[in-house]
>>> print(open('data_22.txt').read())   # compact mmCIF, N, CA and C atoms
# COMPACT_ATOMS: atom_id res chain seq x y z
N GLN A 1 48.01 45.72 -179.56
CA GLN A 1 49.06 44.80 -180.00
C GLN A 1 49.72 45.37 -181.26
N VAL A 2 51.04 45.48 -181.21
CA VAL A 2 51.78 46.03 -182.34
C VAL A 2 52.03 44.94 -183.36
N GLN A 3 51.77 45.28 -184.62
CA GLN A 3 52.10 44.37 -185.72
C GLN A 3 52.83 45.12 -186.80
N LEU A 4 53.92 44.53 -187.28
CA LEU A 4 54.68 45.06 -188.41
C LEU A 4 54.72 43.96 -189.46
N VAL A 5 54.13 44.22 -190.61
CA VAL A 5 54.00 43.18 -191.64
C VAL A 5 54.74 43.61 -192.89
N GLU A 6 55.80 42.86 -193.19
CA GLU A 6 56.63 43.17 -194.35
C GLU A 6 56.14 42.43 -195.59
N SER A 7 56.35 43.04 -196.74
CA SER A 7 55.99 42.40 -198.01
C SER A 7 56.85 42.98 -199.12
N GLY A 8 56.82 42.32 -200.27
CA GLY A 8 57.49 42.84 -201.45
C GLY A 8 58.78 42.14 -201.84
N GLY A 9 59.21 41.19 -201.04
CA GLY A 9 60.43 40.48 -201.37
C GLY A 9 60.24 39.55 -202.56
N GLY A 10 61.33 38.94 -202.98
CA GLY A 10 61.26 38.02 -204.10
C GLY A 10 62.65 37.64 -204.59
N LEU A 11 62.66 36.91 -205.69
CA LEU A 11 63.90 36.47 -206.33
C LEU A 11 64.11 37.33 -207.58
N VAL A 12 65.26 38.01 -207.61
CA VAL A 12 65.59 38.86 -208.75
C VAL A 12 67.01 38.59 -209.18
N GLN A 13 67.35 39.12 -210.35
CA GLN A 13 68.72 39.02 -210.81
C GLN A 13 69.51 40.26 -210.38
N ALA A 14 70.80 40.11 -210.32
CA ALA A 14 71.66 41.24 -209.97
C ALA A 14 71.38 42.41 -210.91
N GLY A 15 71.32 43.60 -210.32
CA GLY A 15 71.05 44.81 -211.09
C GLY A 15 69.59 45.22 -211.12
N GLU A 16 68.71 44.31 -210.72
CA GLU A 16 67.28 44.63 -210.72
C GLU A 16 66.87 45.33 -209.44
N SER A 17 65.59 45.64 -209.37
CA SER A 17 65.07 46.43 -208.24
C SER A 17 63.93 45.71 -207.55
N LEU A 18 63.71 46.06 -206.30
CA LEU A 18 62.55 45.64 -205.53
C LEU A 18 62.12 46.77 -204.63
N ARG A 19 60.84 46.79 -204.32
CA ARG A 19 60.31 47.75 -203.35
C ARG A 19 59.64 46.98 -202.23
N LEU A 20 60.16 47.14 -201.05
CA LEU A 20 59.60 46.50 -199.87
C LEU A 20 58.65 47.45 -199.17
N SER A 21 57.62 46.87 -198.56
CA SER A 21 56.66 47.65 -197.78
C SER A 21 56.54 47.04 -196.39
N CYS A 22 56.25 47.89 -195.43
CA CYS A 22 56.00 47.44 -194.06
C CYS A 22 54.79 48.20 -193.53
N ALA A 23 53.73 47.48 -193.27
CA ALA A 23 52.51 48.07 -192.73
C ALA A 23 52.49 47.91 -191.22
N ALA A 24 52.31 49.01 -190.52
CA ALA A 24 52.32 49.01 -189.06
C ALA A 24 50.92 49.21 -188.51
N SER A 25 50.66 48.54 -187.41
CA SER A 25 49.42 48.76 -186.68
C SER A 25 49.70 48.65 -185.19
N GLY A 26 48.85 49.29 -184.39
CA GLY A 26 49.01 49.23 -182.94
C GLY A 26 49.94 50.28 -182.38
N ILE A 27 50.48 51.14 -183.22
CA ILE A 27 51.31 52.25 -182.75
C ILE A 27 50.86 53.53 -183.43
N ILE A 28 51.18 54.65 -182.83
CA ILE A 28 50.94 55.94 -183.48
C ILE A 28 52.13 56.16 -184.41
N PHE A 29 51.98 55.62 -185.60
CA PHE A 29 53.10 55.46 -186.53
C PHE A 29 53.86 56.76 -186.76
N ARG A 30 53.16 57.84 -186.91
CA ARG A 30 53.81 59.09 -187.31
C ARG A 30 54.77 59.61 -186.25
N LEU A 31 54.67 59.10 -185.03
CA LEU A 31 55.52 59.58 -183.94
C LEU A 31 56.86 58.87 -183.86
N TYR A 32 57.00 57.76 -184.61
CA TYR A 32 58.16 56.90 -184.42
C TYR A 32 59.14 56.96 -185.58
N ASP A 33 60.44 56.92 -185.23
CA ASP A 33 61.45 56.60 -186.22
C ASP A 33 61.27 55.13 -186.60
N MET A 34 61.51 54.83 -187.87
CA MET A 34 61.35 53.46 -188.35
C MET A 34 62.62 53.01 -189.05
N GLY A 35 62.85 51.71 -189.05
CA GLY A 35 64.05 51.19 -189.69
C GLY A 35 63.78 49.92 -190.48
N TRP A 36 64.62 49.71 -191.47
CA TRP A 36 64.68 48.44 -192.19
C TRP A 36 65.97 47.74 -191.78
N TYR A 37 65.85 46.45 -191.52
CA TYR A 37 66.95 45.64 -191.07
C TYR A 37 67.00 44.40 -191.96
N ARG A 38 68.14 43.72 -191.97
CA ARG A 38 68.21 42.47 -192.73
C ARG A 38 69.11 41.48 -192.01
N GLN A 39 68.84 40.23 -192.28
CA GLN A 39 69.65 39.16 -191.72
C GLN A 39 69.94 38.14 -192.81
N ALA A 40 71.20 38.03 -193.14
CA ALA A 40 71.64 37.06 -194.13
C ALA A 40 71.96 35.75 -193.42
N PRO A 41 71.93 34.64 -194.14
CA PRO A 41 72.23 33.35 -193.52
C PRO A 41 73.59 33.35 -192.82
N GLY A 42 73.58 32.93 -191.56
CA GLY A 42 74.81 32.83 -190.80
C GLY A 42 75.35 34.14 -190.29
N LYS A 43 74.59 35.22 -190.46
CA LYS A 43 75.06 36.54 -190.01
C LYS A 43 74.07 37.15 -189.04
N GLN A 44 74.54 38.16 -188.33
CA GLN A 44 73.67 38.88 -187.40
C GLN A 44 72.78 39.85 -188.17
N ARG A 45 71.67 40.15 -187.58
CA ARG A 45 70.78 41.14 -188.17
C ARG A 45 71.44 42.50 -188.12
N GLU A 46 71.28 43.26 -189.19
CA GLU A 46 71.94 44.56 -189.27
C GLU A 46 70.96 45.61 -189.78
N LEU A 47 71.23 46.85 -189.38
CA LEU A 47 70.42 47.98 -189.85
C LEU A 47 70.79 48.28 -191.30
N VAL A 48 69.77 48.49 -192.12
CA VAL A 48 69.97 48.87 -193.51
C VAL A 48 69.71 50.36 -193.70
N ALA A 49 68.60 50.83 -193.15
CA ALA A 49 68.23 52.24 -193.32
C ALA A 49 67.27 52.61 -192.21
N ARG A 50 67.29 53.89 -191.87
CA ARG A 50 66.42 54.40 -190.81
C ARG A 50 65.83 55.72 -191.27
N ILE A 51 64.59 55.95 -190.91
CA ILE A 51 63.96 57.23 -191.24
C ILE A 51 63.31 57.77 -189.97
N THR A 52 63.56 59.03 -189.69
CA THR A 52 63.00 59.63 -188.48
C THR A 52 61.53 59.96 -188.67
N SER A 53 60.88 60.31 -187.59
CA SER A 53 59.48 60.70 -187.67
C SER A 53 59.31 61.92 -188.57
N GLY A 54 60.35 62.72 -188.67
CA GLY A 54 60.29 63.91 -189.50
C GLY A 54 60.71 63.68 -190.95
N GLY A 55 61.10 62.44 -191.26
CA GLY A 55 61.43 62.11 -192.63
C GLY A 55 62.91 62.15 -192.98
N PHE A 56 63.76 62.35 -191.99
CA PHE A 56 65.21 62.34 -192.27
C PHE A 56 65.70 60.91 -192.32
N ALA A 57 66.46 60.58 -193.37
CA ALA A 57 66.91 59.21 -193.59
C ALA A 57 68.41 59.07 -193.44
N ASN A 58 68.83 57.92 -192.96
CA ASN A 58 70.24 57.57 -193.00
C ASN A 58 70.38 56.10 -193.34
N TYR A 59 71.56 55.75 -193.85
CA TYR A 59 71.75 54.44 -194.46
C TYR A 59 73.05 53.79 -194.01
N ALA A 60 73.04 52.47 -194.01
CA ALA A 60 74.28 51.72 -193.87
C ALA A 60 75.12 51.98 -195.13
N ASP A 61 76.42 51.87 -194.97
CA ASP A 61 77.30 52.11 -196.12
C ASP A 61 76.94 51.22 -197.29
N SER A 62 76.52 50.00 -197.01
CA SER A 62 76.21 49.05 -198.07
C SER A 62 74.97 49.46 -198.87
N ALA A 63 74.15 50.33 -198.29
CA ALA A 63 72.90 50.73 -198.93
C ALA A 63 72.96 52.11 -199.57
N LYS A 64 73.95 52.88 -199.21
CA LYS A 64 74.02 54.26 -199.71
C LYS A 64 74.12 54.29 -201.23
N GLY A 65 73.30 55.16 -201.81
CA GLY A 65 73.32 55.32 -203.26
C GLY A 65 72.48 54.31 -204.02
N ARG A 66 72.03 53.26 -203.36
CA ARG A 66 71.23 52.23 -204.03
C ARG A 66 69.84 52.09 -203.44
N PHE A 67 69.72 52.27 -202.14
CA PHE A 67 68.44 52.07 -201.44
C PHE A 67 67.88 53.41 -201.00
N THR A 68 66.56 53.49 -200.97
CA THR A 68 65.87 54.68 -200.48
C THR A 68 64.76 54.27 -199.54
N ILE A 69 64.81 54.79 -198.32
CA ILE A 69 63.74 54.54 -197.36
C ILE A 69 62.78 55.73 -197.40
N SER A 70 61.49 55.43 -197.28
CA SER A 70 60.50 56.50 -197.26
C SER A 70 59.33 56.04 -196.40
N ARG A 71 58.47 56.96 -196.06
CA ARG A 71 57.32 56.61 -195.23
C ARG A 71 56.09 57.36 -195.71
N GLU A 72 54.95 56.75 -195.47
CA GLU A 72 53.67 57.36 -195.80
C GLU A 72 52.81 57.25 -194.55
N ASN A 73 52.82 58.30 -193.76
CA ASN A 73 52.15 58.26 -192.46
C ASN A 73 50.65 58.01 -192.57
N ALA A 74 50.04 58.50 -193.64
CA ALA A 74 48.60 58.31 -193.82
C ALA A 74 48.24 56.84 -193.97
N LYS A 75 49.23 56.04 -194.41
CA LYS A 75 49.00 54.61 -194.59
C LYS A 75 49.74 53.76 -193.56
N ASN A 76 50.36 54.42 -192.58
CA ASN A 76 51.13 53.69 -191.55
C ASN A 76 52.11 52.71 -192.19
N THR A 77 52.78 53.17 -193.22
CA THR A 77 53.63 52.29 -194.01
C THR A 77 55.00 52.92 -194.24
N VAL A 78 56.02 52.07 -194.14
CA VAL A 78 57.38 52.48 -194.48
C VAL A 78 57.85 51.60 -195.64
N TYR A 79 58.59 52.20 -196.55
CA TYR A 79 59.03 51.53 -197.76
C TYR A 79 60.55 51.47 -197.83
N LEU A 80 61.03 50.51 -198.60
CA LEU A 80 62.45 50.46 -198.93
C LEU A 80 62.56 50.16 -200.42
N GLN A 81 62.96 51.16 -201.17
CA GLN A 81 63.22 50.98 -202.60
C GLN A 81 64.66 50.54 -202.76
N MET A 82 64.85 49.39 -203.37
CA MET A 82 66.19 48.83 -203.52
C MET A 82 66.50 48.71 -205.01
N ASN A 83 67.50 49.43 -205.43
CA ASN A 83 67.94 49.41 -206.83
C ASN A 83 69.33 48.79 -206.94
N SER A 84 69.69 48.41 -208.14
CA SER A 84 71.02 47.84 -208.39
C SER A 84 71.36 46.75 -207.38
N LEU A 85 70.45 45.83 -207.21
CA LEU A 85 70.63 44.79 -206.21
C LEU A 85 71.82 43.90 -206.54
N LYS A 86 72.47 43.44 -205.48
CA LYS A 86 73.65 42.60 -205.60
C LYS A 86 73.39 41.27 -204.89
N PRO A 87 74.12 40.22 -205.24
CA PRO A 87 73.93 38.95 -204.53
C PRO A 87 74.12 39.09 -203.02
N GLU A 88 75.00 39.98 -202.60
CA GLU A 88 75.24 40.15 -201.15
C GLU A 88 74.08 40.84 -200.44
N ASP A 89 73.08 41.30 -201.19
CA ASP A 89 71.88 41.85 -200.56
C ASP A 89 70.89 40.74 -200.18
N THR A 90 71.19 39.52 -200.55
CA THR A 90 70.31 38.39 -200.22
C THR A 90 70.19 38.26 -198.70
N ALA A 91 68.96 38.30 -198.21
CA ALA A 91 68.69 38.26 -196.77
C ALA A 91 67.19 38.27 -196.55
N VAL A 92 66.82 38.05 -195.30
CA VAL A 92 65.45 38.33 -194.88
C VAL A 92 65.43 39.77 -194.37
N TYR A 93 64.50 40.55 -194.87
CA TYR A 93 64.39 41.96 -194.53
C TYR A 93 63.22 42.17 -193.56
N TYR A 94 63.50 42.94 -192.53
CA TYR A 94 62.52 43.21 -191.48
C TYR A 94 62.39 44.72 -191.29
N CYS A 95 61.23 45.13 -190.82
CA CYS A 95 61.13 46.50 -190.33
C CYS A 95 60.90 46.47 -188.82
N ASN A 96 61.21 47.56 -188.19
CA ASN A 96 61.03 47.72 -186.74
C ASN A 96 61.15 49.20 -186.46
N LEU A 97 61.05 49.56 -185.21
CA LEU A 97 61.27 50.95 -184.87
C LEU A 97 62.72 51.30 -185.16
N GLY A 98 63.00 52.59 -185.19
CA GLY A 98 64.38 53.04 -185.37
C GLY A 98 65.28 52.55 -184.26
N MET A 99 64.73 52.47 -183.07
CA MET A 99 65.38 51.77 -181.96
C MET A 99 64.59 50.48 -181.79
N PRO A 100 65.03 49.38 -182.39
CA PRO A 100 64.18 48.19 -182.51
C PRO A 100 63.81 47.59 -181.16
N ARG A 101 62.60 47.10 -181.11
CA ARG A 101 62.11 46.38 -179.94
C ARG A 101 62.05 44.91 -180.27
N SER A 102 62.52 44.10 -179.35
CA SER A 102 62.60 42.66 -179.61
C SER A 102 61.23 42.04 -179.82
N ASP A 103 60.22 42.64 -179.21
CA ASP A 103 58.88 42.06 -179.33
C ASP A 103 58.12 42.58 -180.54
N TYR A 104 58.78 43.36 -181.37
CA TYR A 104 58.12 43.90 -182.56
C TYR A 104 58.57 43.23 -183.86
N TRP A 105 59.53 42.32 -183.78
CA TRP A 105 59.98 41.69 -185.02
C TRP A 105 58.86 40.86 -185.63
N GLY A 106 58.68 41.01 -186.93
CA GLY A 106 57.70 40.21 -187.66
C GLY A 106 58.37 39.06 -188.38
N GLN A 107 57.70 38.55 -189.40
CA GLN A 107 58.22 37.41 -190.15
C GLN A 107 59.26 37.80 -191.17
N GLY A 108 59.25 39.05 -191.55
CA GLY A 108 60.20 39.50 -192.55
C GLY A 108 59.76 39.12 -193.95
N THR A 109 60.53 39.58 -194.92
CA THR A 109 60.28 39.24 -196.32
C THR A 109 61.61 38.86 -196.95
N GLN A 110 61.63 37.75 -197.65
CA GLN A 110 62.87 37.20 -198.20
C GLN A 110 63.22 37.90 -199.50
N VAL A 111 64.47 38.32 -199.58
CA VAL A 111 65.02 38.88 -200.82
C VAL A 111 66.18 37.98 -201.24
N ALA A 112 66.12 37.50 -202.46
CA ALA A 112 67.19 36.67 -203.00
C ALA A 112 67.65 37.25 -204.33
N VAL A 113 68.94 37.49 -204.45
CA VAL A 113 69.50 38.11 -205.65
C VAL A 113 70.47 37.12 -206.29
N SER A 114 70.18 36.75 -207.50
CA SER A 114 71.06 35.81 -208.20
C SER A 114 72.04 36.57 -209.08
N SER A 115 73.20 35.98 -209.26
CA SER A 115 74.25 36.64 -210.05
C SER A 115 74.16 36.27 -211.52
>>> encode(input="data_22.txt", output="C-alpha cells")
Amino acid sequence: QVQLVESGGGLVQAGESLRLSCAASGIIFRLYDMGWYRQAPGKQRELVARITSGGFANYADSAKGRFTISRENAKNTVYLQMNSLKPEDTAVYYCNLGMPRSDYWGQGTQVAVSS
C-alpha cells in the first residue's frame, strides 16, 4: 500500500520561509519522479515543482526563484523549501508522483501566508 505523508506546513507572514517534507512508503522511491502540488480554495490543483529520479528539477513559473525541490532517497523523502512566501502561495500542498496517481493523494499540509 502506497502512502505519501506531507508535513511542515503552517501559518507564516509574507516573506518568511517554510520547508515541507513528504515521506513515501510502499514504492521503490528512488525509481520515481516526484512532484509537489497545491490547491488553493476555489481553484484546481496545480503542479508546483517536479524532481526526476535523477535529481533534475523543474518549477511552475510561480515557484521559480523562490522554491527548491529536493529529494533524499535514503529516507524516501522529498522536500520543498519555500522562501519569500506570498499570500498567493496559501494552499494545501500535496506530494505525488511526477505523473500523479489519483489513488496516491494524501491529506496534504496547509500553508497559510498572511500579508
>>> closest_residue(input="data_22.txt", among="A:Ala23, A:Ile69, A:Leu85, A:Leu18", to="Ser114 of chain A", atoms="all atoms listed in the file")
A:Leu85
>>> residues_around(input="data_22.txt", residues="segment 52-61 of chain A", least_positions_apart="5", cutoff="7 Å", atoms="only N, CA and C atoms", output="number ranges by chain")
A: 29-34, 47, 69, 71
>>> atom_distance(input="data_22.txt", atom1="atom CA of Thr90 of chain A", atom2="atom C of Cys22 of chain A")
19.5 Å
>>> closest_residue(input="data_22.txt", among="A:Cys95, A:Val113, A:Ala74, A:Ile27", to="Ser7 of chain A", atoms="only C-alpha atoms")
A:Cys95
>>> closest_residue(input="data_22.txt", among="A:Ala49, A:Ala91, A:Leu11, A:Leu4", to="Thr109 of chain A", atoms="all atoms listed in the file")
A:Ala91
>>> residues_around(input="data_22.txt", residues="Leu97 of chain A", least_positions_apart="3", cutoff="8 Å", atoms="only N, CA and C atoms", output="PyMOL selection string")
chain A and resi 32-36+50-51+94+100-101+104-105
>>> atom_distance(input="data_22.txt", atom1="atom CA of Gln13 of chain A", atom2="atom CA of Glu72 of chain A")
28.1 Å
>>> closest_residue(input="data_22.txt", among="A:Ser21, A:Ser115, A:Gln107, A:Gln1", to="Pro87 of chain A", atoms="only N, CA and C atoms")
A:Ser115
>>> residues_around(input="data_22.txt", residues="Tyr93 of chain A", least_positions_apart="2", cutoff="6 Å", atoms="only C-alpha atoms", output="short mmCIF file (atom, residue, chain, number, x, y, z; two decimals) with N, CA and C atoms, in the coordinates of the input")
data_model
loop_
_atom_site.label_atom_id
_atom_site.label_comp_id
_atom_site.auth_asym_id
_atom_site.auth_seq_id
_atom_site.Cartn_x
_atom_site.Cartn_y
_atom_site.Cartn_z
N TYR A 37 65.85 46.45 -191.52
CA TYR A 37 66.95 45.64 -191.07
C TYR A 37 67.00 44.40 -191.96
N ARG A 38 68.14 43.72 -191.97
CA ARG A 38 68.21 42.47 -192.73
C ARG A 38 69.11 41.48 -192.01
N GLY A 108 59.25 39.05 -191.55
CA GLY A 108 60.20 39.50 -192.55
C GLY A 108 59.76 39.12 -193.95
N THR A 109 60.53 39.58 -194.92
CA THR A 109 60.28 39.24 -196.32
C THR A 109 61.61 38.86 -196.95
#
>>> closest_residue(input="data_22.txt", among="A:Asp103, A:Gln110, A:Thr77, A:Lys86", to="Ser25 of chain A", atoms="all atoms listed in the file")
A:Thr77
>>> atom_distance(input="data_22.txt", atom1="atom N of Val111 of chain A", atom2="atom C of Gly10 of chain A")
5.4 Å
>>> closest_residue(input="data_22.txt", among="A:Leu20, A:Ala40, A:Ala112, A:Val92", to="Tyr79 of chain A", atoms="all atoms listed in the file")
A:Leu20
>>> build_atoms(input="data_22.txt", residues="segment 88-99 of chain A", atoms="all heavy atoms", output="short mmCIF file (atom, residue, chain, number, x, y, z; two decimals), keeping the file's coordinate frame")
data_model
loop_
_atom_site.label_atom_id
_atom_site.label_comp_id
_atom_site.auth_asym_id
_atom_site.auth_seq_id
_atom_site.Cartn_x
_atom_site.Cartn_y
_atom_site.Cartn_z
N GLU A 88 75.00 39.98 -202.60
CA GLU A 88 75.24 40.15 -201.15
C GLU A 88 74.08 40.84 -200.44
O GLU A 88 74.10 40.97 -199.22
CB GLU A 88 76.55 40.91 -200.91
CG GLU A 88 76.69 42.19 -201.69
CD GLU A 88 77.51 42.00 -202.97
OE1 GLU A 88 77.28 41.01 -203.69
OE2 GLU A 88 78.36 42.86 -203.25
N ASP A 89 73.08 41.30 -201.19
CA ASP A 89 71.88 41.85 -200.56
C ASP A 89 70.89 40.74 -200.18
O ASP A 89 69.86 41.02 -199.56
CB ASP A 89 71.18 42.83 -201.51
CG ASP A 89 72.01 44.07 -201.79
OD1 ASP A 89 72.60 44.61 -200.83
OD2 ASP A 89 72.06 44.49 -202.96
N THR A 90 71.19 39.52 -200.55
CA THR A 90 70.31 38.39 -200.22
C THR A 90 70.19 38.26 -198.70
O THR A 90 71.19 38.15 -198.00
CB THR A 90 70.86 37.10 -200.83
OG1 THR A 90 70.80 37.20 -202.25
CG2 THR A 90 70.04 35.90 -200.37
N ALA A 91 68.96 38.30 -198.21
CA ALA A 91 68.69 38.26 -196.77
C ALA A 91 67.19 38.27 -196.55
O ALA A 91 66.41 38.49 -197.49
CB ALA A 91 69.33 39.47 -196.08
N VAL A 92 66.82 38.05 -195.30
CA VAL A 92 65.45 38.33 -194.88
C VAL A 92 65.43 39.77 -194.37
O VAL A 92 66.26 40.15 -193.54
CB VAL A 92 64.97 37.37 -193.79
CG1 VAL A 92 63.54 37.71 -193.37
CG2 VAL A 92 65.05 35.93 -194.27
N TYR A 93 64.50 40.55 -194.87
CA TYR A 93 64.39 41.96 -194.53
C TYR A 93 63.22 42.17 -193.56
O TYR A 93 62.12 41.65 -193.78
CB TYR A 93 64.19 42.80 -195.79
CG TYR A 93 65.47 42.97 -196.58
CD1 TYR A 93 66.03 41.89 -197.27
CD2 TYR A 93 66.15 44.19 -196.62
CE1 TYR A 93 67.21 42.02 -197.99
CE2 TYR A 93 67.33 44.34 -197.33
CZ TYR A 93 67.85 43.25 -198.01
OH TYR A 93 69.03 43.39 -198.71
N TYR A 94 63.50 42.94 -192.53
CA TYR A 94 62.52 43.21 -191.48
C TYR A 94 62.39 44.72 -191.29
O TYR A 94 63.34 45.48 -191.50
CB TYR A 94 62.97 42.64 -190.14
CG TYR A 94 63.26 41.17 -190.11
CD1 TYR A 94 64.51 40.68 -190.45
CD2 TYR A 94 62.28 40.26 -189.70
CE1 TYR A 94 64.79 39.32 -190.41
CE2 TYR A 94 62.56 38.89 -189.65
CZ TYR A 94 63.80 38.44 -190.00
OH TYR A 94 64.08 37.10 -189.94
N CYS A 95 61.23 45.13 -190.82
CA CYS A 95 61.13 46.50 -190.33
C CYS A 95 60.90 46.47 -188.82
O CYS A 95 60.47 45.46 -188.25
CB CYS A 95 60.03 47.27 -191.04
SG CYS A 95 58.35 46.76 -190.65
N ASN A 96 61.21 47.56 -188.19
CA ASN A 96 61.03 47.72 -186.74
C ASN A 96 61.15 49.20 -186.46
O ASN A 96 61.32 50.02 -187.37
CB ASN A 96 62.10 46.92 -185.97
CG ASN A 96 61.66 46.54 -184.57
OD1 ASN A 96 61.14 47.38 -183.83
ND2 ASN A 96 61.84 45.30 -184.19
N LEU A 97 61.05 49.56 -185.21
CA LEU A 97 61.27 50.95 -184.87
C LEU A 97 62.72 51.30 -185.16
O LEU A 97 63.59 50.44 -185.30
CB LEU A 97 60.96 51.19 -183.39
CG LEU A 97 59.57 50.78 -182.91
CD1 LEU A 97 59.38 51.23 -181.46
CD2 LEU A 97 58.48 51.32 -183.81
N GLY A 98 63.00 52.59 -185.19
CA GLY A 98 64.38 53.04 -185.37
C GLY A 98 65.28 52.55 -184.26
O GLY A 98 66.45 52.25 -184.48
N MET A 99 64.73 52.47 -183.07
CA MET A 99 65.38 51.77 -181.96
C MET A 99 64.59 50.48 -181.79
O MET A 99 63.56 50.45 -181.12
CB MET A 99 65.32 52.62 -180.68
CG MET A 99 66.17 53.87 -180.77
SD MET A 99 67.94 53.51 -180.79
CE MET A 99 68.19 53.01 -179.11
#
